[in-house]
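What's in upload15.cif: mmCIF, C-alpha atoms
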data_start
loop_
_atom_site.label_atom_id
_atom_site.label_comp_id
_atom_site.auth_asym_id
_atom_site.auth_seq_id
_atom_site.Cartn_x
_atom_site.Cartn_y
_atom_site.Cartn_z
CA MET G 611 -7.84 4.88 -21.79
CA GLY G 612 -5.51 6.08 -24.55
CA SER G 613 -1.80 6.80 -24.23
CA PRO G 614 -0.57 7.35 -20.69
CA PRO G 615 0.59 10.70 -19.35
CA MET G 616 4.34 11.10 -19.13
CA ILE G 617 4.54 12.67 -15.67
CA ASP G 618 5.24 9.87 -13.20
CA GLY G 619 2.46 10.59 -10.69
CA ALA G 620 -0.19 10.80 -13.39
CA PHE G 621 1.27 7.70 -15.06
CA ALA G 622 0.97 5.77 -11.78
CA ARG G 623 -2.69 6.80 -11.52
CA TRP G 624 -3.34 5.78 -15.14
CA LEU G 625 -1.68 2.40 -14.64
CA ALA G 626 -3.54 1.68 -11.38
CA ALA G 627 -6.82 2.53 -13.09
CA ARG G 628 -6.06 0.27 -16.07
CA ALA G 629 -5.14 -2.68 -13.86
CA GLY G 630 -8.18 -2.04 -11.67
CA GLN G 631 -10.55 -2.13 -14.62
CA ALA G 632 -9.00 -5.38 -15.81
CA LEU G 633 -9.62 -6.88 -12.36
CA LEU G 634 -13.24 -5.72 -12.32
CA ASP G 635 -13.76 -7.24 -15.76
CA LEU G 636 -12.22 -10.50 -14.56
CA ARG G 637 -14.54 -10.65 -11.57
CA THR G 638 -17.50 -10.27 -13.91
CA GLU G 639 -16.19 -12.89 -16.31
CA LEU G 640 -15.25 -15.60 -13.80
CA GLY G 641 -17.71 -14.98 -10.98
CA PHE G 642 -17.12 -16.10 -7.41
CA THR G 643 -17.84 -19.83 -7.40
CA ASP G 644 -14.14 -20.80 -7.45
CA ALA G 645 -12.28 -18.39 -5.15
CA GLY G 646 -8.90 -20.02 -5.70
CA ALA G 647 -9.12 -19.73 -9.47
CA LEU G 648 -10.27 -16.10 -9.22
CA LYS G 649 -7.38 -15.18 -6.92
CA SER G 650 -4.78 -16.79 -9.19
CA ALA G 651 -6.26 -15.24 -12.32
CA GLY G 652 -6.44 -11.82 -10.66
CA ASP G 653 -2.78 -11.86 -9.63
CA LYS G 654 -1.70 -12.91 -13.13
CA VAL G 655 -3.92 -10.58 -15.15
CA SER G 656 -2.95 -7.49 -13.17
CA HIS G 657 0.75 -8.38 -12.96
CA ASP G 658 1.01 -9.09 -16.69
CA LEU G 659 -0.76 -5.83 -17.59
CA ILE G 660 1.41 -3.73 -15.27
CA ARG G 661 4.64 -5.38 -16.41
CA THR G 662 3.70 -4.94 -20.08
CA GLU G 663 2.87 -1.26 -19.71
CA LEU G 664 6.00 -0.51 -17.67
CA ALA G 665 8.16 -2.26 -20.28
CA LYS G 666 6.48 -0.20 -22.99
CA TRP G 667 6.37 3.23 -21.36
CA ARG G 668 9.19 3.11 -18.78
CA PRO G 669 11.69 0.67 -20.36
CA GLY G 670 14.70 2.10 -18.55
CA ASP G 671 13.27 1.61 -15.06
CA ALA G 672 13.61 -1.43 -12.82
CA VAL G 673 10.57 -3.14 -11.29
CA LEU G 674 9.85 -4.93 -8.02
CA SER G 675 6.49 -6.72 -8.14
CA GLU G 676 5.02 -9.09 -5.60
CA GLU G 677 4.39 -11.55 -8.43
CA ASP G 678 7.98 -11.55 -9.73
CA GLU G 679 9.88 -14.79 -9.26
CA GLY G 680 12.29 -14.37 -6.35
CA SER G 681 10.69 -11.11 -5.23
CA ARG G 682 10.76 -12.18 -1.56
CA LEU G 683 14.45 -13.10 -1.51
CA ALA G 684 16.79 -11.03 0.63
CA TRP G 685 19.78 -10.40 -1.61
CA ALA G 686 23.27 -10.17 -0.14
CA ALA G 687 24.86 -6.73 -0.25
CA GLU G 688 27.64 -7.94 -2.56
CA VAL G 689 25.20 -9.02 -5.27
CA ASN G 690 25.96 -6.98 -8.38
CA ALA G 691 23.67 -5.18 -10.78
CA GLY G 692 23.72 -8.06 -13.24
CA ALA G 693 21.92 -10.25 -10.72
CA VAL G 694 19.47 -7.78 -9.21
CA SER G 695 19.22 -4.66 -11.36
CA ARG G 696 16.90 -2.81 -8.99
CA LEU G 697 19.61 -2.48 -6.32
CA THR G 698 21.71 -0.18 -8.50
CA ALA G 699 18.91 1.34 -10.59
CA ASP G 700 18.11 5.02 -10.23
CA ARG G 701 14.36 4.41 -10.58
CA VAL G 702 12.37 1.40 -9.39
CA TRP G 703 8.63 0.79 -9.68
CA ILE G 704 7.37 -1.07 -6.61
CA VAL G 705 4.02 -2.66 -7.37
CA ASP G 706 1.46 -4.96 -5.84
CA PRO G 707 -0.80 -5.99 -8.73
CA LEU G 708 -3.57 -7.16 -6.38
CA ASP G 709 -3.43 -6.25 -2.71
CA GLY G 710 -6.08 -8.20 -0.83
CA THR G 711 -6.69 -11.30 -2.94
CA ARG G 712 -8.95 -12.72 -0.23
CA GLU G 713 -11.30 -9.73 -0.46
CA PHE G 714 -11.05 -9.62 -4.27
CA ALA G 715 -12.41 -13.17 -4.42
CA GLU G 716 -15.37 -12.44 -2.11
CA GLU G 717 -18.50 -11.11 -3.76
CA GLY G 718 -19.53 -7.69 -2.54
CA ARG G 719 -16.20 -6.75 -0.95
CA SER G 720 -14.54 -3.51 -2.05
CA ASP G 721 -11.54 -3.41 0.34
CA TRP G 722 -8.86 -4.56 -2.11
CA ALA G 723 -6.44 -2.49 -4.13
CA VAL G 724 -3.81 -2.04 -6.83
CA HIS G 725 -0.50 -0.45 -5.74
CA ILE G 726 1.82 1.47 -8.09
CA ALA G 727 4.79 3.35 -6.56
CA LEU G 728 8.01 4.85 -7.88
CA TRP G 729 11.22 4.91 -5.84
CA ALA G 730 14.07 7.18 -6.97
CA ARG G 731 17.66 7.24 -5.79
CA ASN G 732 17.79 11.04 -5.73
CA ALA G 733 14.54 11.46 -3.79
CA PRO G 734 14.67 14.07 -1.01
CA SER G 735 13.04 11.83 1.62
CA PRO G 736 14.59 8.78 3.38
CA GLN G 737 11.83 6.52 2.04
CA GLY G 738 12.72 7.43 -1.54
CA LEU G 739 9.16 7.45 -2.86
CA VAL G 740 8.50 10.13 -5.48
CA ALA G 741 5.18 9.05 -7.00
CA GLY G 742 2.42 6.59 -6.31
CA ALA G 743 -1.20 5.63 -6.75
CA VAL G 744 -3.59 3.31 -4.95
CA GLY G 745 -6.39 2.01 -7.11
CA LEU G 746 -9.55 0.99 -5.28
CA PRO G 747 -11.38 -0.47 -8.28
CA ALA G 748 -14.52 -1.72 -6.52
CA GLN G 749 -14.85 1.72 -4.91
CA HIS G 750 -14.40 3.38 -8.32
CA ARG G 751 -11.60 5.67 -7.19
CA VAL G 752 -7.84 6.09 -7.41
CA LEU G 753 -5.83 8.03 -4.82
CA GLY G 754 -2.59 9.43 -6.21
CA THR G 755 0.33 11.71 -5.48
CA ASP G 756 -0.36 13.77 -8.61
CA TYR G 757 -3.52 15.14 -6.99
CA PRO G 758 -3.18 14.13 -3.34
CA PRO G 759 -6.35 14.28 -1.28
CA ALA G 760 -6.69 17.10 1.23
CA TYR G 761 -5.52 16.37 4.76
CA PRO G 762 -8.40 14.41 6.31
CA PRO G 763 -10.68 16.62 8.42
CA MET G 764 -11.32 15.71 12.03
CA THR G 765 -14.79 14.34 12.62
CA VAL G 766 -17.36 16.63 14.26
CA GLU G 767 -17.49 14.27 17.23
CA ALA G 768 -13.72 14.40 17.69
CA ALA G 769 -13.56 18.16 17.28
CA THR G 770 -16.19 18.79 19.95
CA ALA G 771 -15.46 16.00 22.41
CA GLY G 772 -13.02 16.41 25.27
CA ALA G 773 -11.46 13.02 24.64
CA ARG G 774 -11.72 11.67 21.11
CA VAL G 775 -12.12 8.03 20.21
CA ILE G 776 -9.36 7.02 17.83
CA ARG G 777 -10.43 4.73 15.01
CA LEU G 778 -7.74 2.15 14.24
CA ALA G 779 -7.90 0.20 10.99
CA ALA G 780 -7.11 -3.44 11.77
CA SER G 781 -6.64 -6.57 9.74
CA ARG G 782 -9.80 -8.63 9.74
CA SER G 783 -7.72 -11.81 9.45
CA ARG G 784 -4.27 -11.11 10.93
CA PRO G 785 -4.35 -8.24 13.46
CA PRO G 786 -1.19 -7.81 15.61
CA VAL G 787 -1.69 -9.66 18.88
CA PHE G 788 -0.97 -6.53 20.96
CA LEU G 789 -3.43 -4.31 19.11
CA THR G 790 -6.40 -4.96 21.40
CA ASP G 791 -4.39 -3.93 24.47
CA LEU G 792 -3.02 -0.87 22.67
CA ALA G 793 -6.52 0.18 21.61
CA GLU G 794 -7.74 -0.04 25.20
CA ASP G 795 -4.71 1.96 26.38
CA VAL G 796 -5.32 4.91 24.03
CA GLY G 797 -9.11 4.77 24.00
CA ALA G 798 -9.41 3.52 20.45
CA LYS G 799 -11.84 1.28 18.64
CA LEU G 800 -10.74 -1.26 16.04
CA VAL G 801 -12.22 -1.06 12.54
CA PRO G 802 -11.65 -4.36 10.66
CA MET G 803 -10.74 -4.00 6.98
CA GLY G 804 -9.16 -6.00 4.20
CA SER G 805 -6.01 -5.09 2.30
CA ALA G 806 -3.21 -2.84 3.56
CA GLY G 807 -3.88 -0.46 0.70
CA ALA G 808 -7.55 -0.17 1.64
CA LYS G 809 -6.65 0.47 5.29
CA ILE G 810 -4.12 3.20 4.54
CA ALA G 811 -6.53 4.70 2.01
CA ALA G 812 -9.09 4.87 4.80
CA VAL G 813 -6.63 6.95 6.86
CA VAL G 814 -6.04 9.22 3.85
CA THR G 815 -9.76 9.81 3.38
CA GLY G 816 -10.49 10.23 7.09
CA GLU G 817 -12.63 7.11 7.50
CA VAL G 818 -10.20 6.01 10.23
CA ASP G 819 -7.46 7.86 12.12
CA ALA G 820 -4.61 5.37 12.02
CA TYR G 821 -3.34 2.04 10.75
CA ILE G 822 -0.82 -0.04 12.68
CA HIS G 823 0.71 -3.23 11.33
CA ALA G 824 3.34 -5.46 12.88
CA GLY G 825 2.57 -8.90 11.50
CA GLY G 826 5.00 -8.97 8.59
CA GLN G 827 4.76 -7.26 5.21
CA TYR G 828 6.90 -6.53 2.15
CA GLU G 829 7.75 -3.27 0.42
CA TRP G 830 4.98 -3.63 -2.18
CA ASP G 831 2.36 -3.87 0.57
CA SER G 832 2.93 -0.28 1.68
CA ALA G 833 5.00 1.68 -0.88
CA ALA G 834 2.14 3.15 -2.93
CA PRO G 835 -0.20 3.83 0.00
CA VAL G 836 2.63 5.42 2.00
CA ALA G 837 3.54 7.62 -0.98
CA VAL G 838 -0.04 8.90 -1.12
CA ALA G 839 -0.36 9.23 2.66
CA THR G 840 2.80 11.32 3.01
CA ALA G 841 1.81 13.47 0.01
CA THR G 842 -1.44 14.11 1.88
CA GLY G 843 0.51 15.23 4.97
CA LEU G 844 0.00 12.20 7.19
CA HIS G 845 2.61 10.60 9.42
CA ALA G 846 4.19 7.34 8.19
CA SER G 847 7.01 5.44 9.94
CA ARG G 848 8.10 2.13 11.37
CA ILE G 849 6.41 1.36 14.71
CA ASP G 850 9.60 2.40 16.52
CA GLY G 851 9.40 5.81 14.85
CA SER G 852 12.24 5.22 12.38
CA ALA G 853 11.90 5.98 8.69
CA LEU G 854 10.36 3.55 6.23
CA LYS G 855 12.88 2.65 3.53
CA TYR G 856 12.24 1.10 0.13
CA ASN G 857 14.21 -0.68 -2.57
CA GLU G 858 16.32 -2.37 0.08
CA ALA G 859 18.23 -5.62 -0.56
CA ASP G 860 15.78 -7.34 1.77
CA PRO G 861 12.25 -6.43 0.61
CA ARG G 862 10.68 -7.34 3.94
CA LEU G 863 9.22 -4.31 5.69
CA PRO G 864 7.37 -5.94 8.55
CA ASP G 865 5.75 -3.06 10.41
CA LEU G 866 4.44 0.46 9.99
CA LEU G 867 2.31 3.22 11.46
CA VAL G 868 0.27 5.57 9.29
CA CYS G 869 -1.80 8.14 11.16
CA ARG G 870 -2.86 11.74 11.57
CA LYS G 871 0.16 13.83 12.59
CA ASP G 872 -1.54 14.97 15.79
CA LEU G 873 -1.76 11.33 16.93
CA ALA G 874 1.77 10.20 16.04
CA THR G 875 3.50 10.97 19.36
CA ARG G 876 0.71 9.36 21.38
CA LEU G 877 0.55 6.23 19.24
CA LEU G 878 4.34 5.78 19.07
CA ALA G 879 4.51 5.99 22.86
CA ALA G 880 1.75 3.39 23.16
CA LEU G 881 3.57 1.17 20.67
CA GLN G 882 6.68 1.29 22.87
CA ARG G 883 4.58 0.00 25.74
CA HIS G 884 2.78 -2.76 23.87
CA SER G 885 4.82 -4.00 20.90
CA GLY G 886 7.94 -5.22 22.70
#
As a first step, turn the structure in this file into structure tokens.
Amino acid sequence: MGSPPMIDGAFARWLAARAGQALLDLRTELGFTDAGALKSAGDKVSHDLIRTELAKWRPGDAVLSEEDEGSRLAWAAEVNAGAVSRLTADRVWIVDPLDGTREFAEEGRSDWAVHIALWARNAPSPQGLVAGAVGLPAQHRVLGTDYPPAYPPMTVEAATAGARVIRLAASRSRPPVFLTDLAEDVGAKLVPMGSAGAKIAAVVTGEVDAYIHAGGQYEWDSAAPVAVATATGLHASRIDGSALKYNEADPRLPDLLVCRKDLATRLLAALQRHSG
């Protein structure tokens, strides 16, 4: 793929594509007979590639990766830069080398992703995300902030119907317990999918209208997809309507709502009724 572009958004796209190709090659090499071995190898191959390229091309930036040792620890506020450099860094790459390991290790599944996001201290938005890319290797596409997709068009059925059916992306393995009741309340249908990145990408492309999660996640699960979604013009927040924030001392970011802007008020109201 040659030398990477220097602009951060294009660099994120390049890096997601490189890691994605490495994962596709690994799937071909190892096959699917040993799912556990394929999952472990996928995490390592992608993490090592991303870490190597960031060290080479962005040596002054800090990194938060799901596969880093201690990545899930909630650091005390008094911890200094010598212990956790990302907390005082001006730029932090937040990456999930393989989002959706379960789907990655299942033959024929394409709902897994590579997440590359950049947080900057001087960003104009509360979330702090200034660039990002979501690689969907098995779908042969990368969604990025450098060329964000157009705002997803409303379906013909929704545009002509008096009451539209909202399509909610839902975890096929760990959907929030209240989601069925919420879907009935707002007249929605659940669309099971794999990784968080694949679900938010489906909102970006218009395959679904919204994604709600409240079962526990970390910053790397949503940073890159949220960067792309907001660049596209979609709504993204916590389920109580507050801003998503990244590069926090505690990397847990347990819930979020990503949806079309015209649905945000309705879905946030429903979440107040059902998520308490």
Exercise: region 796-809 of chain G partners within 8 Å, all atoms listed in the file, chain neighbours under 4 positions left out, as a ChimeraX atom specification: /G:709-710,713,721-725,744,746,774-783,790,792,813,818,821,831-832,834-835,876-877,880
Using only C-alpha atoms, determine which residues lie at most 10 Å from Glu717 (chain G), disregarding the query and same-chain residues fewer than 5 positions distant; provide the list as a VMD selection string. chain G and resid 637 641 to 643 645
List, as a ChimeraX atom specification, every residue that the PyMOL selection byres ((chain G and resi 654) around 12) selects in the file provided. /G:629,632-633,636,647-653,655-662,675-678,706-708,711
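Here CA of Gln882 (chain G) and CA of Leu867 (chain G) stand 12.4 Å from one another.
Going from CA of Ile726 (chain G) over to CA of Leu878 (chain G), you cover 27.6 Å.
The closest residue to Ala839 (chain G), picked from G:Gly754, G:Pro763, G:Gly738, G:Gly670 and counting all atoms listed in the file, is G:Gly754.
Compared by their closest atoms to Leu634 (chain G), and using all atoms listed in the file, the residues G:Arg719, G:Lys666, G:Arg701, G:Arg682 rank with G:Arg719 nearest.
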I need the residue nearest Ile810 (chain G) from this list: G:Val868, G:His823, G:Trp703, G:Pro861. Use all atoms listed in the file for the distance. G:Val868
Between G:Ala715, G:Ala793, G:Ala820, G:Ile617, which residue has the minimum interatomic distance to His884 (chain G), considering all atoms listed in the file? G:Ala793
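Taking CA of Lys855 (chain G) and CA of Ser695 (chain G) as endpoints, the distance between them is 17.8 Å.
The residue that comes closest to Ala620 (chain G), out of G:Glu716, G:Asp635, G:Asp756, G:Asp819 and on the basis of only C-alpha atoms, is G:Asp756.
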Residues selected by the PyMOL selection byres ((chain G and resi 851) around 10), written as a PyMOL selection string: chain G and resi 845-850+852-854+866-867+874-875+877-879+881-882
Residue members of the PyMOL selection byres ((chain G and resi 753) around 7) in the file shown, as a PyMOL selection string: chain G and resi 743-745+751-752+754+758+838
Kindly export the residues of the current selection with C-alpha atoms, as a tab-separated table (two decimals), in the coordinates of the input.
chain	number	residue	atom	x	y	z
G	743	ALA	CA	-1.20	5.63	-6.75
G	744	VAL	CA	-3.59	3.31	-4.95
G	745	GLY	CA	-6.39	2.01	-7.11
G	751	ARG	CA	-11.60	5.67	-7.19
G	752	VAL	CA	-7.84	6.09	-7.41
G	754	GLY	CA	-2.59	9.43	-6.21
G	758	PRO	CA	-3.18	14.13	-3.34
G	838	VAL	CA	-0.04	8.90	-1.12
